Each structure stands twice: as C-alpha cells, then as structure tokens.
Amino acid sequence: MSGLVLKLAPKERVLINGAVIENGERRSRLAIMTPNAHILRLRDAIHPEEVNTPVRRVCYIAQLVLSGDAEPEDAKMQLLRGIEQLSQVLTDFDSRAQLNSASHAVLEGQPYQALKFLRSLLPREARLLAAHPQ
C-alpha cells in the first residue's frame, strides 16, 4: 500500500480536497491513494489570527497549498523566500537541517512534507521569542 495514511481519533476532522470530513466514534485509518490530494488535519491547522510569527507565516503559506486555497506554483516562491529569511535567523545546525529539508520538499512539490519540517521549528521559535520579549 502506498500513499498517505491518516490515523484519525474519534470525532477528528480533516480537510480533503476542500471537503471537511469528520471521523466517527472510533479511531480509524484512511489510506489516501490519490497523489497530490489536498489534505490538512484541522487540529494541526494554523488559523489566520494565529499567523503572528515568522515561522507561522511560512507554515501558513504551505498550509494554504494543502487546503487548496493557494496554487502550488504561486506559493513556491513565497515559501522559498520565507525559508531563506528564516535561515538568516535560525542558524543552529538542527534548524538549518529542517529548513534545508523544507526547501527540498518545496522544490519537489511536496507541501505536506515542507509543512512538517517547518512545524518542527515552532517550539524553537517559541523559546527564542520567550527569551527575548519585545
């Protein structure tokens, strides 16, 4: 079996190609066999009012591609530019590795993977912002 496998908790919601789907009372697994389907777990979604940090802004662009609200080619340059800007600030080895992986995912047309790598930077960004309040 290939493709994306979603493991859903009871009552968990997911956006698939613009349709919100809610799981039933039990845990379940869905195998998404269609390549390039737009899929976003709603529990992981960043809402527009939460887009208030540099990493969240770049994540949000990738999320818009996954939800089908942005064209991949239009978002590609915005994502690459945002990743480049983040690499100017997040200079530690681990952050650079995640940003590099995100760049490769964007270039390969894999917004889900790019979002996954970018989301891994959210806790680090939160620590940095907490250490240097404005």
# chains A, B, ... in the order shown; residues from 1 in each chain; ligands from 1

$ residues_around --residues "A:Cys59" --least-positions-apart "6" --cutoff "8 Å" --atoms "only C-alpha atoms" --output "list in words"
Ile46, Leu115, Leu118 and Arg119 of chain A

$ residues_around --residues "A:Ala75" --least-positions-apart "5" --cutoff "12 Å" --atoms "only C-alpha atoms" --output "list in words"
Val58, Cys59, Tyr60, Ile61, Ala62, Gln63, Leu64, Val65, Leu66, Gly68, Asp69, Ala70, Leu80, Arg81, Gly82, Val106, Leu107, Gly109, Gln110 and Pro111 of chain A

$ select_by_dssp --residues "chain A" --states "helix (DSSP H, G or I)" --output "ChimeraX atom specification"
/A:48-50,54-67,72-89,93-107,111-119,122-131

$ closest_residue --among "A:Ile83, A:Ile32, A:Ala130, A:Val89" --to "A:Phe117" --atoms "only C-alpha atoms"
A:Ile83

$ residues_around --residues "stretch 122-128 of chain A" --least-positions-apart "5" --cutoff "10 Å" --atoms "only C-alpha atoms" --output "PyMOL selection string"
chain A and resi 53-56+59+90+95+117+133

$ write_last_selection --atoms "all heavy atoms" --output "compact mmCIF listing (two decimals), in the first residue's frame"
# COMPACT_ATOMS: atom_id res chain seq x y z
N THR A 53 4.01 35.08 13.84
CA THR A 53 5.45 34.93 13.96
C THR A 53 6.02 34.55 12.60
O THR A 53 5.29 34.07 11.73
CB THR A 53 5.84 33.84 14.99
OG1 THR A 53 5.45 32.56 14.48
CG2 THR A 53 5.20 34.10 16.35
N PRO A 54 7.32 34.72 12.40
CA PRO A 54 7.91 34.38 11.10
C PRO A 54 7.72 32.92 10.69
O PRO A 54 7.36 32.64 9.54
CB PRO A 54 9.39 34.71 11.29
CG PRO A 54 9.40 35.79 12.33
CD PRO A 54 8.28 35.42 13.27
N VAL A 55 7.93 31.97 11.60
CA VAL A 55 7.78 30.56 11.22
C VAL A 55 6.31 30.26 10.92
O VAL A 55 6.00 29.56 9.95
CB VAL A 55 8.33 29.62 12.32
CG1 VAL A 55 8.04 28.16 11.98
CG2 VAL A 55 9.83 29.83 12.51
N ARG A 56 5.41 30.79 11.71
CA ARG A 56 3.98 30.57 11.48
C ARG A 56 3.55 31.13 10.12
O ARG A 56 2.71 30.54 9.44
CB ARG A 56 3.13 31.19 12.59
CG ARG A 56 3.17 30.38 13.87
CD ARG A 56 2.35 31.04 14.96
NE ARG A 56 2.29 30.18 16.11
CZ ARG A 56 1.37 29.24 16.31
NH1 ARG A 56 0.43 29.05 15.42
NH2 ARG A 56 1.40 28.49 17.39
N CYS A 59 4.68 28.59 7.55
CA CYS A 59 3.83 27.41 7.68
C CYS A 59 2.46 27.66 7.06
O CYS A 59 1.91 26.78 6.39
CB CYS A 59 3.66 27.04 9.15
SG CYS A 59 5.07 26.28 9.94
N LEU A 90 17.62 31.60 12.08
CA LEU A 90 17.77 30.30 12.74
C LEU A 90 19.02 29.62 12.18
O LEU A 90 18.95 28.90 11.19
CB LEU A 90 16.52 29.45 12.51
CG LEU A 90 15.22 30.04 13.01
CD1 LEU A 90 14.02 29.20 12.58
CD2 LEU A 90 15.24 30.19 14.53
N SER A 95 18.13 23.60 13.10
CA SER A 95 17.21 24.46 12.34
C SER A 95 17.58 24.48 10.87
O SER A 95 16.71 24.39 9.99
CB SER A 95 17.22 25.88 12.90
OG SER A 95 16.72 25.90 14.21
N PHE A 117 8.33 19.78 8.15
CA PHE A 117 9.66 20.27 8.55
C PHE A 117 9.58 21.65 9.19
O PHE A 117 10.23 21.93 10.19
CB PHE A 117 10.62 20.30 7.36
CG PHE A 117 10.98 18.93 6.85
CD1 PHE A 117 10.70 18.57 5.55
CD2 PHE A 117 11.59 18.01 7.67
CE1 PHE A 117 11.03 17.31 5.06
CE2 PHE A 117 11.93 16.74 7.21
CZ PHE A 117 11.65 16.39 5.90
N PRO A 133 11.63 38.87 24.92
CA PRO A 133 10.34 39.54 24.73
C PRO A 133 10.52 40.95 24.17
O PRO A 133 11.53 41.58 24.42
CB PRO A 133 9.74 39.57 26.14
CG PRO A 133 10.88 39.35 27.06
CD PRO A 133 11.95 38.62 26.30

$ residues_around --residues "A:Asn17" --least-positions-apart "5" --cutoff "9 Å" --atoms "only C-alpha atoms" --output "number ranges by chain"
A: 37-40, 66-68

$ atom_distance --atom1 "atom CA of A:Leu8" --atom2 "atom CA of A:Arg43"
10.6 Å

$ select_by_dssp --residues "chain A" --states "strand (DSSP E or B)" --output "PyMOL selection string"
chain A and resi 4-8+13-16+19-22+28-32+39-41

$ closest_residue --among "A:Asn52, A:Gln113, A:Gln78, A:Ser87" --to "A:Leu4" --atoms "only C-alpha atoms"
A:Gln113

$ atom_distance --atom1 "atom CA of A:Arg27" --atom2 "atom CA of A:Lys116"
22.4 Å

$ residues_around --residues "A:Val5" --least-positions-apart "2" --cutoff "8 Å" --atoms "only C-alpha atoms" --output "PyMOL selection string"
chain A and resi 3+7+29-32

$ closest_residue --among "A:His104, A:Glu50, A:Leu42, A:Ala131" --to "A:Asn23" --atoms "only C-alpha atoms"
A:Leu42

$ decode --residues "stretch 90-122 of chain A" --atoms "N, CA and C atoms" --output "compact mmCIF listing (two decimals), in the first residue's frame"
# COMPACT_ATOMS: atom_id res chain seq x y z
N LEU A 90 17.62 31.60 12.08
CA LEU A 90 17.77 30.30 12.74
C LEU A 90 19.02 29.62 12.18
N THR A 91 20.14 29.89 12.80
CA THR A 91 21.43 29.48 12.23
C THR A 91 22.02 28.23 12.88
N ASP A 92 21.35 27.65 13.89
CA ASP A 92 21.88 26.44 14.51
C ASP A 92 21.75 25.26 13.54
N PHE A 93 22.52 24.23 13.80
CA PHE A 93 22.59 23.08 12.90
C PHE A 93 21.23 22.43 12.68
N ASP A 94 20.49 22.17 13.77
CA ASP A 94 19.20 21.49 13.66
C ASP A 94 18.19 22.30 12.84
N SER A 95 18.13 23.60 13.10
CA SER A 95 17.21 24.46 12.34
C SER A 95 17.58 24.48 10.87
N ARG A 96 18.88 24.61 10.60
CA ARG A 96 19.33 24.61 9.21
C ARG A 96 18.95 23.32 8.49
N ALA A 97 19.08 22.21 9.19
CA ALA A 97 18.73 20.91 8.58
C ALA A 97 17.24 20.87 8.25
N GLN A 98 16.39 21.35 9.16
CA GLN A 98 14.95 21.36 8.92
C GLN A 98 14.59 22.30 7.77
N LEU A 99 15.23 23.48 7.75
CA LEU A 99 14.97 24.44 6.67
C LEU A 99 15.43 23.90 5.33
N ASN A 100 16.56 23.23 5.32
CA ASN A 100 17.07 22.63 4.09
C ASN A 100 16.10 21.56 3.59
N SER A 101 15.63 20.73 4.50
CA SER A 101 14.66 19.69 4.12
C SER A 101 13.37 20.31 3.61
N ALA A 102 12.93 21.39 4.25
CA ALA A 102 11.71 22.09 3.80
C ALA A 102 11.89 22.65 2.40
N SER A 103 13.06 23.23 2.14
CA SER A 103 13.34 23.77 0.79
C SER A 103 13.28 22.68 -0.26
N HIS A 104 13.89 21.54 0.04
CA HIS A 104 13.87 20.43 -0.92
C HIS A 104 12.44 19.95 -1.16
N ALA A 105 11.64 19.88 -0.09
CA ALA A 105 10.25 19.45 -0.24
C ALA A 105 9.47 20.43 -1.12
N VAL A 106 9.70 21.73 -0.93
CA VAL A 106 9.02 22.73 -1.76
C VAL A 106 9.43 22.54 -3.22
N LEU A 107 10.71 22.39 -3.46
CA LEU A 107 11.20 22.23 -4.83
C LEU A 107 10.68 20.96 -5.48
N GLU A 108 10.42 19.93 -4.68
CA GLU A 108 9.90 18.67 -5.20
C GLU A 108 8.38 18.64 -5.26
N GLY A 109 7.74 19.77 -4.91
CA GLY A 109 6.29 19.85 -4.97
C GLY A 109 5.60 19.04 -3.89
N GLN A 110 6.20 18.99 -2.69
CA GLN A 110 5.62 18.23 -1.57
C GLN A 110 5.30 19.17 -0.41
N PRO A 111 4.19 19.90 -0.50
CA PRO A 111 3.87 20.88 0.54
C PRO A 111 3.62 20.26 1.91
N TYR A 112 3.09 19.03 1.96
CA TYR A 112 2.86 18.39 3.25
C TYR A 112 4.18 18.16 3.97
N GLN A 113 5.17 17.67 3.25
CA GLN A 113 6.49 17.43 3.86
C GLN A 113 7.13 18.76 4.28
N ALA A 114 6.98 19.77 3.43
CA ALA A 114 7.54 21.09 3.77
C ALA A 114 6.91 21.60 5.06
N LEU A 115 5.59 21.48 5.18
CA LEU A 115 4.91 21.94 6.38
C LEU A 115 5.38 21.15 7.60
N LYS A 116 5.58 19.87 7.44
CA LYS A 116 6.04 19.03 8.54
C LYS A 116 7.41 19.51 9.05
N PHE A 117 8.33 19.78 8.15
CA PHE A 117 9.66 20.27 8.55
C PHE A 117 9.58 21.65 9.19
N LEU A 118 8.76 22.51 8.62
CA LEU A 118 8.62 23.87 9.16
C LEU A 118 7.96 23.86 10.54
N ARG A 119 6.94 23.03 10.71
CA ARG A 119 6.27 22.96 12.01
C ARG A 119 7.22 22.52 13.12
N SER A 120 8.22 21.74 12.77
CA SER A 120 9.17 21.28 13.78
C SER A 120 9.96 22.46 14.37
N LEU A 121 9.95 23.59 13.69
CA LEU A 121 10.67 24.78 14.17
C LEU A 121 9.83 25.64 15.12
N LEU A 122 8.54 25.38 15.21
CA LEU A 122 7.67 26.20 16.06
C LEU A 122 8.07 26.21 17.54
